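Pasting protein_14.txt here (compact mmCIF, C-alpha atoms):
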# COMPACT_ATOMS: atom_id res chain seq x y z
CA MET A 1 -28.89 -219.80 -108.08
CA ALA A 2 -27.70 -216.38 -106.96
CA LEU A 3 -27.66 -212.77 -108.12
CA THR A 4 -24.89 -210.17 -108.13
CA TYR A 5 -25.12 -206.73 -106.55
CA GLN A 6 -26.05 -205.09 -109.86
CA GLN A 7 -28.66 -207.73 -110.65
CA LEU A 8 -30.21 -207.27 -107.21
CA LEU A 9 -30.43 -203.53 -107.82
CA THR A 10 -33.04 -204.47 -110.40
CA ALA A 11 -34.59 -207.49 -108.67
CA VAL A 12 -35.26 -205.95 -105.25
CA PRO A 13 -37.26 -202.94 -106.57
CA LEU A 14 -39.17 -205.36 -108.82
CA VAL A 15 -40.22 -207.44 -105.81
CA LEU A 16 -41.18 -204.31 -103.87
CA ARG A 17 -43.31 -202.98 -106.75
CA ALA A 18 -45.11 -206.34 -106.79
CA GLY A 19 -46.12 -205.76 -103.17
CA ASN A 20 -43.89 -208.54 -101.81
CA VAL A 21 -41.16 -208.64 -99.18
CA PRO A 22 -37.61 -209.29 -100.46
CA ASN A 23 -35.46 -211.48 -98.23
CA ILE A 24 -31.80 -210.93 -99.19
CA VAL A 25 -29.66 -213.89 -98.13
CA GLY A 26 -25.88 -213.69 -98.20
CA ASP A 27 -22.70 -214.20 -96.21
CA ALA A 28 -21.57 -211.58 -93.72
CA GLY A 29 -19.70 -208.70 -95.30
CA ILE A 30 -20.95 -209.38 -98.82
CA GLY A 31 -22.71 -206.01 -99.11
CA LYS A 32 -26.37 -206.58 -98.18
CA SER A 33 -26.69 -203.34 -96.20
CA ALA A 34 -24.98 -201.34 -98.92
CA LEU A 35 -27.34 -202.89 -101.46
CA VAL A 36 -30.45 -201.85 -99.54
CA LYS A 37 -29.07 -198.34 -99.15
CA ALA A 38 -28.54 -198.19 -102.92
CA VAL A 39 -32.06 -199.53 -103.57
CA ALA A 40 -33.53 -196.83 -101.33
CA ALA A 41 -31.57 -194.16 -103.20
CA LYS A 42 -32.70 -195.60 -106.54
CA LEU A 43 -36.36 -195.46 -105.45
CA ASN A 44 -35.99 -192.05 -103.75
CA ALA A 45 -37.18 -193.74 -100.58
CA LYS A 46 -36.44 -192.79 -96.99
CA LEU A 47 -34.49 -195.63 -95.37
CA PHE A 48 -34.96 -196.77 -91.76
CA THR A 49 -32.94 -199.69 -90.38
CA THR A 50 -33.49 -202.04 -87.45
CA VAL A 51 -30.72 -204.52 -86.63
CA VAL A 52 -32.76 -207.49 -85.44
CA SER A 53 -29.76 -209.27 -83.90
CA LEU A 54 -29.44 -206.37 -81.43
CA SER A 55 -33.15 -206.31 -80.58
CA GLU A 56 -34.88 -207.76 -77.54
CA LYS A 57 -38.46 -208.91 -77.20
CA GLY A 58 -40.64 -205.87 -76.55
CA ASP A 59 -38.30 -203.36 -78.16
CA LEU A 60 -40.79 -202.37 -80.85
CA ALA A 61 -43.86 -202.09 -78.67
CA ILE A 62 -43.87 -202.01 -74.85
CA PRO A 63 -47.09 -202.01 -72.78
CA VAL A 64 -47.46 -198.82 -70.73
CA PRO A 65 -49.95 -197.98 -67.98
CA PRO A 66 -52.82 -195.54 -68.57
CA LEU A 67 -51.68 -191.95 -68.76
CA THR A 68 -54.93 -190.14 -67.87
CA SER A 69 -58.05 -190.81 -65.82
CA ASP A 70 -59.94 -191.30 -69.08
CA SER A 71 -57.95 -194.46 -69.65
CA PHE A 72 -59.74 -196.17 -66.74
CA ILE A 73 -63.07 -197.88 -67.24
CA GLU A 74 -65.52 -198.31 -64.35
CA THR A 75 -67.74 -201.39 -64.65
CA GLN A 76 -70.85 -202.20 -62.63
CA HIS A 77 -69.95 -205.78 -61.80
CA TYR A 78 -66.31 -206.33 -62.65
CA GLY A 79 -64.43 -203.55 -61.04
CA ARG A 80 -62.17 -200.89 -62.49
CA LEU A 81 -60.30 -201.74 -65.71
CA ALA A 82 -57.30 -200.07 -67.28
CA ASN A 83 -57.09 -199.74 -71.05
CA VAL A 84 -53.41 -200.62 -71.51
CA GLN A 85 -51.64 -198.70 -74.25
CA PHE A 86 -48.33 -199.24 -75.99
CA GLY A 87 -45.16 -197.25 -76.28
CA TYR A 88 -43.35 -197.75 -79.57
CA SER A 89 -39.67 -197.74 -80.44
CA GLU A 90 -37.99 -194.57 -81.63
CA THR A 91 -37.51 -196.06 -85.11
CA LEU A 92 -41.20 -196.86 -85.47
CA ILE A 93 -42.16 -193.42 -84.18
CA ASP A 94 -39.79 -191.81 -86.70
CA ILE A 95 -41.34 -193.86 -89.52
CA ILE A 96 -44.86 -192.81 -88.59
CA LYS A 97 -43.86 -189.16 -88.19
CA TYR A 98 -42.11 -189.19 -91.56
CA ALA A 99 -45.13 -190.84 -93.23
CA GLU A 100 -47.45 -188.21 -91.72
CA ALA A 101 -45.24 -185.36 -92.92
CA HIS A 102 -44.64 -186.90 -96.37
CA PRO A 103 -47.80 -188.89 -97.21
CA GLN A 104 -46.72 -189.66 -100.80
CA ALA A 105 -43.05 -190.40 -100.15
CA PRO A 106 -41.87 -194.04 -100.29
CA ILE A 107 -40.30 -195.54 -97.17
CA ILE A 108 -38.14 -198.65 -96.80
CA TRP A 109 -37.88 -200.32 -93.41
CA PHE A 110 -34.85 -202.60 -93.48
CA LEU A 111 -34.82 -205.44 -90.94
CA ASP A 112 -31.17 -206.47 -91.02
CA GLU A 113 -29.77 -209.76 -89.65
CA PHE A 114 -33.33 -211.00 -89.27
CA ASN A 115 -32.50 -214.61 -88.48
CA ARG A 116 -29.78 -213.65 -85.99
CA GLY A 117 -32.45 -212.38 -83.63
CA SER A 118 -33.91 -214.76 -81.08
CA GLN A 119 -37.03 -216.79 -81.85
CA ALA A 120 -38.95 -214.52 -79.49
CA VAL A 121 -37.88 -211.42 -81.41
CA GLN A 122 -38.64 -213.06 -84.75
CA SER A 123 -42.10 -214.03 -83.52
CA GLU A 124 -42.74 -210.45 -82.43
CA LEU A 125 -41.80 -209.26 -85.89
CA MET A 126 -44.05 -211.82 -87.58
CA ASN A 127 -47.13 -209.60 -87.79
CA LEU A 128 -44.98 -206.72 -88.93
CA VAL A 129 -43.71 -208.66 -91.95
CA LEU A 130 -46.82 -210.71 -92.70
CA GLN A 131 -49.70 -208.48 -91.58
CA ARG A 132 -47.96 -205.06 -91.56
CA GLN A 133 -49.32 -204.51 -88.06
CA ILE A 134 -47.97 -204.20 -84.52
CA ASN A 135 -50.72 -204.48 -81.94
CA ALA A 136 -53.24 -201.81 -82.97
CA LEU A 137 -50.80 -199.90 -85.15
CA HIS A 138 -50.97 -200.42 -88.93
CA LEU A 139 -48.00 -199.48 -91.08
CA PRO A 140 -48.62 -196.72 -93.63
CA THR A 141 -49.14 -197.98 -97.17
CA THR A 142 -46.01 -196.10 -98.26
CA VAL A 143 -43.80 -198.34 -96.09
CA ARG A 144 -42.10 -201.27 -97.80
CA ILE A 145 -40.21 -203.88 -95.79
CA VAL A 146 -36.93 -205.51 -96.81
CA ILE A 147 -35.30 -208.19 -94.66
CA ALA A 148 -31.79 -209.64 -94.80
CA GLU A 149 -30.50 -212.91 -93.41
CA ASN A 150 -27.28 -214.85 -93.14
CA PRO A 151 -27.56 -218.34 -94.64
CA ASP A 152 -28.41 -221.30 -92.45
CA ALA A 153 -27.84 -225.00 -93.08
CA THR A 154 -31.51 -225.60 -93.96
CA MET A 155 -31.30 -223.30 -96.99
CA SER A 156 -30.66 -224.78 -100.41
CA GLY A 157 -27.01 -224.38 -101.36
CA PHE A 158 -25.85 -223.61 -97.81
CA THR A 159 -25.74 -227.04 -96.18
CA ASN A 160 -22.27 -226.32 -94.75
CA SER A 161 -23.19 -222.95 -93.32
CA GLU A 162 -22.12 -222.39 -89.71
CA TYR A 163 -23.68 -219.03 -88.84
CA ASP A 164 -25.17 -218.73 -85.36
CA VAL A 165 -28.74 -218.07 -86.47
CA ALA A 166 -32.25 -218.91 -85.30
CA ILE A 167 -33.92 -220.69 -88.20
CA ALA A 168 -36.75 -218.55 -89.52
CA ASP A 169 -40.36 -219.58 -89.07
CA ALA A 170 -41.88 -221.42 -92.04
CA ALA A 171 -44.48 -218.65 -92.40
CA ILE A 172 -41.70 -216.11 -93.01
CA LYS A 173 -40.11 -218.34 -95.65
CA ASP A 174 -43.46 -218.82 -97.36
CA ARG A 175 -44.40 -215.13 -97.41
CA THR A 176 -41.11 -213.56 -98.48
CA VAL A 177 -39.10 -213.74 -101.70
CA ARG A 178 -35.64 -215.16 -101.07
CA LEU A 179 -32.95 -213.48 -103.17
CA VAL A 180 -29.52 -215.05 -102.70
CA MET A 181 -26.64 -212.61 -103.13
CA LYS A 182 -23.24 -213.54 -104.57
CA THR A 183 -20.06 -211.58 -105.09
CA SER A 184 -18.84 -210.34 -108.46
CA THR A 185 -15.24 -209.21 -108.45
CA THR A 186 -15.72 -207.36 -111.74
CA GLU A 187 -18.60 -205.32 -110.31
CA TRP A 188 -16.78 -204.71 -107.03
CA LEU A 189 -13.61 -203.50 -108.76
CA THR A 190 -15.64 -201.09 -110.89
CA TRP A 191 -17.18 -199.71 -107.70
CA ALA A 192 -13.79 -199.61 -105.93
CA GLN A 193 -12.30 -197.60 -108.79
CA ARG A 194 -15.25 -195.20 -108.76
CA VAL A 195 -15.10 -194.48 -105.02
CA GLY A 196 -11.31 -194.25 -104.98
CA LEU A 197 -10.17 -197.25 -102.94
CA ASN A 198 -6.42 -197.75 -102.68
CA GLN A 199 -4.98 -198.76 -106.06
CA ALA A 200 -2.96 -201.60 -104.51
CA VAL A 201 -6.20 -203.27 -103.41
CA ILE A 202 -7.61 -202.91 -106.91
CA ASP A 203 -4.43 -204.25 -108.52
CA TYR A 204 -4.24 -207.23 -106.14
CA LEU A 205 -7.86 -208.30 -106.69
CA THR A 206 -7.50 -207.80 -110.43
CA THR A 207 -4.71 -210.37 -110.27
CA TYR A 208 -6.45 -212.64 -107.73
CA PRO A 209 -10.19 -212.09 -108.35
CA GLU A 210 -11.13 -215.22 -106.40
CA ARG A 211 -9.82 -213.62 -103.18
CA LEU A 212 -12.49 -210.93 -102.94
CA SER A 213 -14.57 -213.30 -100.84
CA VAL A 214 -13.31 -216.58 -99.40
CA ILE A 215 -15.89 -218.53 -97.40
CA ASP A 216 -14.37 -221.66 -95.88
CA PRO A 217 -15.93 -223.04 -92.66
CA ASN A 218 -12.75 -225.04 -92.03
CA ALA A 219 -10.41 -222.07 -92.38
CA SER A 220 -9.44 -219.49 -89.77
CA ASP A 221 -12.02 -217.28 -88.13
CA LEU A 222 -10.95 -214.38 -90.37
CA HIS A 223 -11.31 -214.40 -94.12
CA PRO A 224 -11.63 -211.92 -97.00
CA THR A 225 -14.99 -210.29 -97.66
CA PRO A 226 -15.88 -207.20 -99.72
CA ARG A 227 -16.42 -205.29 -96.46
CA ALA A 228 -13.03 -206.45 -95.12
CA TRP A 229 -11.26 -205.26 -98.28
CA GLU A 230 -12.83 -201.82 -97.85
CA ARG A 231 -11.36 -201.64 -94.32
CA VAL A 232 -8.01 -202.86 -95.65
CA SER A 233 -8.00 -200.04 -98.20
CA ARG A 234 -8.53 -197.40 -95.51
CA ASN A 235 -5.85 -198.95 -93.29
CA LEU A 236 -3.44 -199.07 -96.22
CA ASP A 237 -4.02 -195.36 -96.92
CA GLN A 238 -2.76 -194.65 -93.40
CA LEU A 239 0.03 -197.25 -93.47
CA GLN A 240 1.54 -195.65 -96.55
CA GLN A 241 2.03 -192.43 -94.58
CA LEU A 242 4.61 -194.22 -92.37
CA THR A 243 8.28 -194.91 -92.98
CA SER A 244 9.31 -197.89 -95.08
CA ALA A 245 10.64 -199.66 -91.98
CA ASP A 246 7.33 -199.25 -90.14
CA GLN A 247 5.40 -200.48 -93.17
CA GLN A 248 7.59 -203.59 -93.31
CA ALA A 249 7.03 -204.25 -89.60
CA LEU A 250 3.25 -203.72 -89.54
CA ALA A 251 1.84 -204.74 -92.92
CA ALA A 252 1.42 -208.50 -92.49
CA ASP A 253 -0.24 -208.31 -89.07
CA LEU A 254 -2.37 -205.33 -90.03
CA PHE A 255 -3.84 -206.97 -93.13
CA SER A 256 -4.14 -210.43 -91.52
CA GLY A 257 -6.39 -208.84 -88.92
CA ASP A 258 -8.99 -208.35 -91.65
CA LEU A 259 -8.22 -211.02 -94.23
CA GLY A 260 -6.84 -213.97 -92.27
CA ASN A 261 -3.21 -215.05 -92.28
CA GLU A 262 -2.88 -216.55 -95.76
CA VAL A 263 -4.37 -213.71 -97.79
CA GLY A 264 -3.20 -211.04 -95.34
CA VAL A 265 0.46 -212.05 -95.68
CA SER A 266 0.11 -212.40 -99.45
CA PHE A 267 -1.38 -208.93 -99.75
CA ALA A 268 1.34 -207.47 -97.49
CA GLN A 269 4.03 -208.94 -99.75
CA PHE A 270 2.22 -207.53 -102.77
CA VAL A 271 2.02 -204.04 -101.25
CA LEU A 272 5.66 -204.01 -100.14
CA ALA A 273 6.83 -205.27 -103.54
CA HIS A 274 4.92 -202.44 -105.20
CA GLY A 275 7.34 -200.10 -103.46
CA LYS A 276 10.17 -201.30 -105.72
CA GLY A 277 8.63 -199.25 -108.50
CA LEU A 278 8.92 -201.78 -111.30
CA THR A 279 7.21 -200.78 -114.53
CA VAL A 280 6.63 -202.49 -117.85
CA GLU A 281 8.97 -200.05 -119.54
CA ALA A 282 11.70 -200.86 -117.01
CA ILE A 283 11.54 -204.65 -117.34
CA GLN A 284 11.48 -204.31 -121.14
CA SER A 285 14.60 -202.19 -121.38
CA LYS A 286 16.73 -202.57 -118.24
CA GLU A 287 18.60 -205.72 -117.28
CA LYS A 288 18.63 -204.71 -113.60
CA SER A 289 14.84 -204.38 -113.60
CA ARG A 290 14.50 -207.85 -115.10
CA ILE A 291 16.71 -209.15 -112.29
CA ASP A 292 14.53 -207.34 -109.72
CA PHE A 293 11.47 -208.89 -111.38
CA ARG A 294 12.52 -212.32 -110.14
CA GLY A 295 12.28 -211.20 -106.52
CA VAL A 296 8.79 -209.69 -106.51
CA ASP A 297 5.61 -211.51 -105.54
CA GLU A 298 3.55 -213.52 -107.99
CA ALA A 299 0.75 -210.98 -108.23
CA THR A 300 3.15 -208.23 -109.29
CA LYS A 301 4.74 -210.45 -111.92
CA LEU A 302 1.34 -211.24 -113.41
CA SER A 303 0.26 -207.60 -113.32
CA LEU A 304 3.41 -206.41 -115.14
CA LEU A 305 3.33 -209.11 -117.81
CA ARG A 306 -0.40 -208.60 -118.39
CA SER A 307 0.31 -204.91 -118.96
CA TRP A 308 3.02 -205.86 -121.46
CA ILE A 309 0.54 -208.12 -123.30
CA ALA A 310 -2.13 -205.41 -123.34
CA ASP A 311 0.30 -203.01 -125.04
CA ASP A 312 3.42 -204.55 -126.58
CA SER A 313 4.05 -201.64 -128.94
CA GLN A 314 7.29 -200.64 -127.19
CA GLN A 315 8.78 -204.12 -127.40
CA PRO A 316 6.57 -206.44 -129.51
CA LEU A 317 6.66 -210.16 -128.83
CA SER A 318 7.13 -210.65 -132.57
CA THR A 319 10.63 -209.16 -132.34
CA ALA A 320 13.72 -211.07 -131.25
CA VAL A 321 14.45 -208.75 -128.31
CA GLY A 322 10.85 -208.63 -127.11
CA ALA A 323 10.39 -212.39 -127.35
CA GLN A 324 13.66 -213.11 -125.58
CA HIS A 325 12.96 -210.75 -122.68
CA PHE A 326 9.35 -211.89 -122.27
CA SER A 327 10.31 -215.57 -122.37
CA GLU A 328 12.98 -214.97 -119.73
CA LEU A 329 10.48 -213.33 -117.37
CA LEU A 330 7.67 -215.78 -118.14
CA SER A 331 9.89 -218.63 -116.96
CA THR A 332 9.99 -217.14 -113.43
CA VAL A 333 6.19 -217.20 -113.09
CA SER A 334 4.29 -220.09 -111.46
CA PRO A 335 2.70 -222.72 -113.76
CA ASP A 336 -0.81 -221.38 -113.06
CA GLY A 337 0.39 -217.86 -113.80
CA GLN A 338 2.07 -218.96 -117.01
CA TYR A 339 -1.14 -220.61 -118.18
CA ALA A 340 -3.17 -217.49 -117.43
CA LEU A 341 -0.70 -215.34 -119.39
CA ALA A 342 -0.68 -217.78 -122.30
CA GLN A 343 -4.48 -217.52 -122.43
CA SER A 344 -4.25 -213.71 -122.43
CA ILE A 345 -1.82 -213.81 -125.36
CA GLY A 346 -4.06 -216.29 -127.18
CA GLU A 347 -6.90 -213.78 -127.04
CA GLN A 348 -4.74 -211.30 -129.00
CA LEU A 349 -4.91 -213.28 -132.25
CA ASP A 350 -4.43 -210.50 -134.80
CA LYS A 351 -2.30 -208.23 -132.62
CA ILE A 352 0.22 -210.73 -131.18
CA ILE A 353 -0.25 -214.34 -132.30
CA GLN A 354 -0.36 -213.76 -136.06
CA PRO A 355 2.78 -211.54 -136.16
CA MET A 356 4.61 -214.07 -133.98
CA TYR A 357 3.56 -216.91 -136.25
CA GLU A 358 4.77 -215.10 -139.37
CA GLN A 359 8.14 -214.28 -137.75
CA ALA A 360 8.53 -217.85 -136.48
CA LYS A 361 8.07 -219.17 -140.02
CA GLU A 362 10.85 -216.88 -141.25
CA ASP A 363 13.25 -217.85 -138.44
CA PRO A 364 12.22 -221.29 -137.04
CA THR A 365 15.05 -221.35 -134.49
CA GLY A 366 14.96 -217.72 -133.38
CA PRO A 367 13.70 -216.21 -130.08
CA VAL A 368 10.19 -215.57 -131.46
CA ALA A 369 9.78 -219.20 -132.59
CA GLN A 370 11.07 -220.37 -129.20
CA LEU A 371 8.58 -218.18 -127.33
CA TYR A 372 5.80 -219.34 -129.65
CA GLN A 373 6.65 -222.97 -128.85
CA GLN A 374 6.95 -222.18 -125.14
CA LEU A 375 3.43 -220.70 -125.10
CA ALA A 376 2.05 -223.70 -126.98
CA VAL A 377 3.53 -226.10 -124.41
CA ILE A 378 2.17 -224.03 -121.50
CA ALA A 379 -1.30 -223.91 -123.03
CA THR A 380 -1.30 -227.65 -123.69
CA LYS A 381 -0.23 -228.50 -120.13
CA GLY A 382 -2.89 -226.18 -118.72
CA ASP A 383 -5.65 -227.70 -120.87
CA ASN A 384 -4.67 -231.20 -119.71
CA ARG A 385 -4.82 -230.44 -116.00

Please express the file's structure as structure tokens.
Amino acid sequence: MALTYQQLLTAVPLVLRAGNVPNIVGDAGIGKSALVKAVAAKLNAKLFTTVVSLSEKGDLAIPVPPLTSDSFIETQHYGRLANVQFGYSETLIDIIKYAEAHPQAPIIWFLDEFNRGSQAVQSELMNLVLQRQINALHLPTTVRIVIAENPDATMSGFTNSEYDVAIADAAIKDRTVRLVMKTSTTEWLTWAQRVGLNQAVIDYLTTYPERLSVIDPNASDLHPTPRAWERVSRNLDQLQQLTSADQQALAADLFSGDLGNEVGVSFAQFVLAHGKGLTVEAIQSKEKSRIDFRGVDEATKLSLLRSWIADDSQQPLSTAVGAQHFSELLSTVSPDGQYALAQSIGEQLDKIIQPMYEQAKEDPTGPVAQLYQQLAVIATKGDNR
């Protein structure tokens, strides 16, 4: 079981209001840090972050010698004793100062990459998470703790996980609420459109939604993640400022450096094909454009034909010309792509299928009847796979 980003935007505040500690578990780059930032904004809470994987034992609280003569205790029989004090990390000091200045304001302390810290560091944080205390210092009641972890092989559903983590103590597992995070391409694309990521990234992932996040322990060390696609978008913005020749020379290596070779090369081909400027209107009306269509990448073909299906008013599939042109282009698409397009057409029962059916009855050997039969064969083959 797992929750999407939008679902976690509701679940995490719920757990916090119940007085519990959410433990967000998800693959690297999936958006855990962005989620916690959004939760803090939603709750109007001040966010403080500690990256546990970068912490060393003693970072939060370090013993310091007495600072004044009053810190020494003279005993009659046991000599002179020093009352050792503690110096606290800058983050913890900032939290306490903020709580003092804003006694009613909510605070979230985010302990990121919790299980990528050493066992010693995790043990030091134990009282913080479980008892809300570090040595003699108690956390203000306004502070709520959220932790995030990468999956390890002991977790249900992650038996093949290969992250370099220190397995969390059983007490942590028993006292926190594990919330497993999964990707949702639909949600991510809505966000990408809202923040203005490069349209080519949006178009590519609309065509290949399964490539937003590819987790394969047996694949290369680089693979697509939501965070990687965000970097790709920014790099693409800059790449498109260069000459066409430079774009051709750099694209594959540039994108493979974030996405791995397979998806990186595929996305590079997609981006470079976009430069040919094919449009639905062009492939409907111009023979040269239909010839060019054969040479573009699969994702572009699917994108153009899906646009045609969404609005076939200029050249309806129920007309001889429209059916002939669409059938010609459909034949150049891969079997999986053909099946996906046939399904899209099948969803347009009143708008496309019924008019095609009526025209096919009138002219059983015409282009519309042939396309109708072609779609039926494609759908049947796909259902039998």

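Once Ser313 of chain A and its same-chain neighbours fewer than 6 positions away are set aside, Val280, Glu281, Gln284, Ser307, Thr319, Gly322, Lys351 and Ile352 of chain A remain within 12 Å of it when counting only C-alpha atoms.
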
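Among the candidate residues A:Asn23, A:Thr185, A:Gln238, A:Gln269, the one lying nearest to Ala11 of chain A is A:Asn23, with distances computed using only C-alpha atoms.
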
Skip segment 131-141 of chain A itself and residues of its chain fewer than 6 positions away, then list as a CSV table (one decimal) with C-alpha atoms, keeping the file's coordinate frame all residues within 9 Å of it, counting only C-alpha atoms.
chain,number,residue,atom,x,y,z
A,60,LEU,CA,-40.8,-202.4,-80.8
A,61,ALA,CA,-43.9,-202.1,-78.7
A,86,PHE,CA,-48.3,-199.2,-76.0
A,95,ILE,CA,-41.3,-193.9,-89.5
A,96,ILE,CA,-44.9,-192.8,-88.6
A,99,ALA,CA,-45.1,-190.8,-93.2
A,100,GLU,CA,-47.4,-188.2,-91.7
A,103,PRO,CA,-47.8,-188.9,-97.2
A,106,PRO,CA,-41.9,-194.0,-100.3
A,124,GLU,CA,-42.7,-210.4,-82.4
A,125,LEU,CA,-41.8,-209.3,-85.9

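Atom CA of Ser327 of chain A is positioned 11.4 Å from atom CA of Leu341 of chain A.
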
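Residues surrounding Ser285 of chain A within 12 Å are Leu278, Thr279, Val280, Glu281, Ser289, Arg290, Ile291, Gln314, Gln315, Val321, Gly322, Gln324, His325 and Phe326 of chain A [all atoms listed in the file; sequence separation below 4 positions excluded].
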
Quick check, in Å to one decimal: how far apart do atom CA of Ala2 of chain A and atom CA of Val21 of chain A lie? 17.4 Å

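If you measure from each of A:Ser266, A:Gln373, A:Asn235, A:Thr207 to Leu302 of chain A using all atoms listed in the file, the closest one turns out to be A:Thr207.
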
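Of the residues listed (A:Gln374, A:Thr49, A:Ser303, A:Ser334), A:Thr49 shows the shortest atom-to-atom separation from Arg144 of chain A; distances use only C-alpha atoms.
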
So that I can see what lies close to Ala228 of chain A, please list as a ChimeraX atom specification the residues with an atom at most 12 Å from it, counting only C-alpha atoms and leaving out residues fewer than 5 positions away in the same chain. /A:28-31,201,211-214,222-223,233-235,254-260,263-264

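Candidate residues A:Leu92, A:Ala101, A:Val368, A:Val177 were compared for distance to Leu128 of chain A, and the nearest is A:Leu92, using all atoms listed in the file.
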
Identify, on the basis of all atoms listed in the file, every residue whose closest approach to Ala310 of chain A does not exceed 9 Å; exclude the query and any residue fewer than 6 positions from it along the same chain; express the result as a list in words. Ser344, Ile345 and Gln348 of chain A

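If all atoms listed in the file are the atoms counted, then among A:Phe267, A:Phe114, A:Tyr78, A:Tyr5 the closest residue to Pro224 of chain A is A:Phe267.
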
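Separating atom CA of Ser318 of chain A from atom CA of Arg306 of chain A is a distance of 16.2 Å.
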
Restricting the calculation to only C-alpha atoms: of A:Leu330, A:Leu16, A:Val121, A:Ile215, which residue gets closest to Ala45 of chain A? A:Leu16

Box centre and edge lengths (Å, one decimal), axis-aligned, segment 18-34 of chain A plus 5 Å each side, as lines of an AutoDock Vina configuration file:
center_x = -32.9
center_y = -207.8
center_z = -100.3
size_x = 36.4
size_y = 22.9
size_z = 23.1
